[in-house]
>>> print(open('final_34.tsv').read())   # TSV, C-alpha atoms
chain	number	residue	atom	x	y	z
V	29	GLU	CA	6.46	-18.97	-36.54
V	30	VAL	CA	9.40	-19.31	-38.89
V	31	GLN	CA	12.75	-19.29	-37.14
V	32	LEU	CA	16.28	-19.46	-38.50
V	33	GLN	CA	19.18	-20.28	-36.21
V	34	ALA	CA	22.62	-19.57	-37.59
V	35	SER	CA	25.72	-20.89	-35.86
V	36	GLY	CA	29.32	-21.89	-36.47
V	37	GLY	CA	30.98	-18.52	-36.63
V	38	GLY	CA	34.14	-17.69	-34.77
V	39	LEU	CA	37.68	-16.42	-34.96
V	40	VAL	CA	39.94	-18.05	-37.53
V	41	GLN	CA	43.30	-17.24	-39.03
V	42	VAL	CA	43.88	-16.32	-42.65
V	43	GLY	CA	43.73	-19.44	-44.79
V	44	GLY	CA	41.61	-21.32	-42.30
V	45	SER	CA	38.15	-22.81	-42.71
V	46	LEU	CA	34.79	-22.62	-41.01
V	47	ARG	CA	31.45	-24.29	-41.53
V	48	LEU	CA	28.34	-22.32	-40.76
V	49	SER	CA	24.99	-23.96	-40.09
V	50	CYS	CA	21.48	-22.60	-40.46
V	51	VAL	CA	18.57	-24.53	-39.02
V	52	VAL	CA	15.14	-23.49	-40.25
V	53	SER	CA	11.95	-24.34	-38.40
V	54	GLY	CA	8.28	-23.45	-38.57
V	55	LEU	CA	8.03	-23.42	-42.35
V	56	THR	CA	4.60	-23.83	-43.90
V	57	PHE	CA	5.91	-24.69	-47.35
V	58	ASP	CA	8.18	-27.35	-48.81
V	59	ASP	CA	11.50	-27.17	-50.60
V	60	PRO	CA	12.59	-23.79	-49.28
V	61	VAL	CA	15.25	-21.68	-50.93
V	62	ILE	CA	17.88	-20.76	-48.35
V	63	ALA	CA	20.60	-18.18	-48.69
V	64	TRP	CA	23.60	-16.85	-46.85
V	65	PHE	CA	24.28	-13.14	-46.79
V	66	ARG	CA	27.02	-11.27	-44.99
V	67	GLN	CA	27.50	-7.78	-43.69
V	68	ALA	CA	30.85	-6.27	-42.82
V	69	PRO	CA	31.13	-3.20	-40.59
V	70	GLY	CA	30.13	-0.07	-42.47
V	71	ARG	CA	29.02	-1.99	-45.54
V	72	GLU	CA	25.74	-3.11	-46.97
V	73	ARG	CA	24.53	-6.65	-46.62
V	74	GLU	CA	25.63	-8.72	-49.59
V	75	ALA	CA	24.67	-12.09	-50.94
V	76	ALA	CA	27.13	-14.93	-50.55
V	77	SER	CA	25.34	-18.07	-51.70
V	78	CYS	CA	21.98	-19.76	-51.93
V	79	ILE	CA	20.54	-23.20	-52.52
V	80	SER	CA	17.25	-24.47	-53.79
V	81	THR	CA	16.64	-27.41	-51.46
V	82	GLY	CA	14.11	-28.93	-53.84
V	83	GLU	CA	16.19	-28.85	-57.03
V	84	GLY	CA	19.67	-28.73	-55.54
V	85	THR	CA	20.59	-25.65	-57.55
V	86	THR	CA	23.34	-23.57	-55.95
V	87	LEU	CA	24.44	-20.04	-56.67
V	88	TYR	CA	27.44	-18.07	-55.46
V	89	ALA	CA	28.65	-14.52	-55.50
V	90	ASP	CA	31.33	-14.38	-58.17
V	91	SER	CA	34.01	-13.34	-55.69
V	92	LEU	CA	33.35	-16.38	-53.51
V	93	LYS	CA	33.24	-19.13	-56.10
V	94	GLY	CA	35.79	-21.82	-55.42
V	95	ARG	CA	36.17	-20.98	-51.72
V	96	PHE	CA	32.62	-21.26	-50.39
V	97	THR	CA	30.38	-24.32	-50.69
V	98	ILE	CA	26.72	-24.42	-49.78
V	99	SER	CA	24.90	-27.65	-49.04
V	100	THR	CA	21.85	-29.03	-47.30
V	101	ASP	CA	20.93	-32.20	-45.49
V	102	ASN	CA	18.15	-34.69	-46.18
V	103	THR	CA	15.67	-32.76	-44.08
V	104	LYS	CA	16.11	-29.69	-46.30
V	105	THR	CA	15.83	-27.56	-43.19
V	106	THR	CA	19.51	-27.31	-42.37
V	107	VAL	CA	21.89	-25.54	-44.69
V	108	TYR	CA	25.64	-25.37	-44.36
V	109	LEU	CA	28.17	-22.92	-45.70
V	110	ARG	CA	31.67	-24.30	-45.87
V	111	MET	CA	34.21	-21.49	-46.14
V	112	ASP	CA	37.79	-22.33	-47.09
V	113	ASN	CA	40.93	-20.26	-47.54
V	114	LEU	CA	39.40	-17.47	-45.51
V	115	LYS	CA	40.64	-13.93	-45.97
V	116	PRO	CA	40.43	-10.85	-43.74
V	117	GLU	CA	37.82	-9.41	-46.08
V	118	ASP	CA	35.53	-12.33	-45.24
V	119	THR	CA	35.13	-10.86	-41.76
V	120	ALA	CA	31.43	-10.11	-41.34
V	121	ILE	CA	28.23	-11.14	-39.67
V	122	TYR	CA	26.75	-13.97	-41.69
V	123	TYR	CA	22.99	-14.24	-41.94
V	124	CYS	CA	20.82	-16.96	-43.36
V	125	ALA	CA	17.53	-16.21	-45.05
V	126	VAL	CA	14.69	-18.28	-46.48
V	127	ASP	CA	12.19	-17.79	-49.27
V	128	ARG	CA	9.56	-19.82	-51.01
V	129	PRO	CA	10.55	-21.62	-54.18
V	130	PRO	CA	11.42	-21.25	-56.96
V	131	LEU	CA	14.90	-19.86	-56.80
V	132	SER	CA	15.24	-16.62	-58.75
V	133	GLU	CA	18.63	-16.51	-60.40
V	134	ARG	CA	17.98	-12.91	-61.36
V	135	LEU	CA	16.92	-11.63	-57.94
V	136	TRP	CA	18.52	-13.87	-55.35
V	137	THR	CA	21.12	-11.28	-54.38
V	138	ALA	CA	18.45	-8.74	-53.43
V	139	THR	CA	17.77	-8.64	-49.70
V	140	TRP	CA	14.15	-7.57	-50.19
V	141	ILE	CA	13.00	-10.84	-51.75
V	142	TRP	CA	13.84	-12.96	-48.70
V	143	ASP	CA	10.91	-13.52	-46.39
V	144	TYR	CA	12.66	-14.55	-43.20
V	145	TRP	CA	16.05	-13.91	-41.64
V	146	GLY	CA	18.13	-15.39	-38.88
V	147	GLN	CA	20.02	-13.47	-36.24
V	148	GLY	CA	23.49	-13.83	-37.73
V	149	THR	CA	26.76	-15.37	-36.66
V	150	GLN	CA	30.04	-13.46	-36.47
V	151	VAL	CA	33.01	-14.58	-38.55
V	152	THR	CA	36.33	-12.91	-37.87
V	153	VAL	CA	39.42	-13.69	-39.93
V	154	SER	CA	42.66	-12.52	-38.39
V	155	SER	CA	45.82	-11.85	-40.34
>>> encode(input="final_34.tsv", output="structure tokens")
Amino acid sequence: EVQLQASGGGLVQVGGSLRLSCVVSGLTFDDPVIAWFRQAPGREREAASCISTGEGTTLYADSLKGRFTISTDNTKTTVYLRMDNLKPEDTAIYYCAVDRPPLSERLWTATWIWDYWGQGTQVTVSS
């Protein structure tokens, strides 16, 4: 059974930083593609970033480039999302998701392509 465990959320002030972690287990394939999505109250889930753990390719939502950094460790089963200069509009539940390779640069922002999802971790940015 594939499981994704997201953690690292919390309450932070404007301009602060957080690092989210997503640990993936139970995969039956190598070099997974792992993404972070977020969902604010009353809004649709939107893509934040993703990484191809096999190739190292990273993608970001245009609005988050320069503030968010996605990375993985040597096991390729833990992915991090470093979030800097946080703003109130970053407040959301952050979810990680995993899919088989290869990474689709055209479709990665679509929620329907991701096979598995974690439970989410709350990020709240106070002004």
>>> residues_around(input="final_34.tsv", residues="Tyr144 of chain V", least_positions_apart="5", cutoff="8 Å", atoms="all atoms listed in the file", output="list in words")
Val30, Gln31, Leu32, Ala125, Val126 and Asp127 of chain V
>>> closest_residue(input="final_34.tsv", among="V:Thr119, V:Ser154, V:Ala76, V:Thr97", to="Thr139 of chain V", atoms="all atoms listed in the file")
V:Ala76
>>> atom_distance(input="final_34.tsv", atom1="atom CA of Thr103 of chain V", atom2="atom CA of Gln33 of chain V")
15.2 Å
>>> atom_distance(input="final_34.tsv", atom1="atom CA of Tyr108 of chain V", atom2="atom CA of Gly70 of chain V")
25.8 Å
>>> atom_distance(input="final_34.tsv", atom1="atom CA of Val107 of chain V", atom2="atom CA of Val51 of chain V")
6.6 Å
>>> closest_residue(input="final_34.tsv", among="V:Leu48, V:Ile121, V:Leu109, V:Pro129", to="Arg71 of chain V", atoms="only C-alpha atoms")
V:Ile121
>>> closest_residue(input="final_34.tsv", among="V:Ser99, V:Ala68, V:Asp143, V:Thr152", to="Ser49 of chain V", atoms="all atoms listed in the file")
V:Ser99
>>> residues_around(input="final_34.tsv", residues="Ala75 of chain V", least_positions_apart="4", cutoff="7 Å", atoms="all atoms listed in the file", output="PyMOL selection string")
chain V and resi 64-66+89+137
>>> write_last_selection(input="final_34.tsv", atoms="C-alpha atoms", output="CSV table (one decimal), in the frame of the given file")
chain,number,residue,atom,x,y,z
V,64,TRP,CA,23.6,-16.8,-46.8
V,65,PHE,CA,24.3,-13.1,-46.8
V,66,ARG,CA,27.0,-11.3,-45.0
V,89,ALA,CA,28.6,-14.5,-55.5
V,137,THR,CA,21.1,-11.3,-54.4
>>> residues_around(input="final_34.tsv", residues="Leu114 of chain V", least_positions_apart="2", cutoff="6 Å", atoms="only C-alpha atoms", output="list of chain:residue names")
V:Val42, V:Gly43, V:Gly44, V:Asp112
>>> closest_residue(input="final_34.tsv", among="V:Tyr123, V:Gln147, V:Leu46, V:Ile62", to="Leu87 of chain V", atoms="all atoms listed in the file")
V:Ile62
>>> closest_residue(input="final_34.tsv", among="V:Ala34, V:Val153, V:Cys50, V:Ile79", to="Trp136 of chain V", atoms="all atoms listed in the file")
V:Ile79
>>> closest_residue(input="final_34.tsv", among="V:Ile98, V:Val52, V:Trp140, V:Val151", to="Tyr122 of chain V", atoms="all atoms listed in the file")
V:Val151
>>> residues_around(input="final_34.tsv", residues="Thr81 of chain V", least_positions_apart="6", cutoff="8 Å", atoms="all atoms listed in the file", output="tab-separated table (two decimals) with C-alpha atoms, in the coordinates of the input")
chain	number	residue	atom	x	y	z
V	59	ASP	CA	11.50	-27.17	-50.60
V	60	PRO	CA	12.59	-23.79	-49.28
V	61	VAL	CA	15.25	-21.68	-50.93
V	62	ILE	CA	17.88	-20.76	-48.35
V	100	THR	CA	21.85	-29.03	-47.30
V	104	LYS	CA	16.11	-29.69	-46.30
>>> residues_around(input="final_34.tsv", residues="Ser155 of chain V", least_positions_apart="3", cutoff="8 Å", atoms="all atoms listed in the file", output="short mmCIF file (atom, residue, chain, number, x, y, z; two decimals) with C-alpha atoms, in the coordinates of the input")
data_model
loop_
_atom_site.label_atom_id
_atom_site.label_comp_id
_atom_site.auth_asym_id
_atom_site.auth_seq_id
_atom_site.Cartn_x
_atom_site.Cartn_y
_atom_site.Cartn_z
CA GLN V 41 43.30 -17.24 -39.03
CA VAL V 42 43.88 -16.32 -42.65
CA LYS V 115 40.64 -13.93 -45.97
CA PRO V 116 40.43 -10.85 -43.74
#
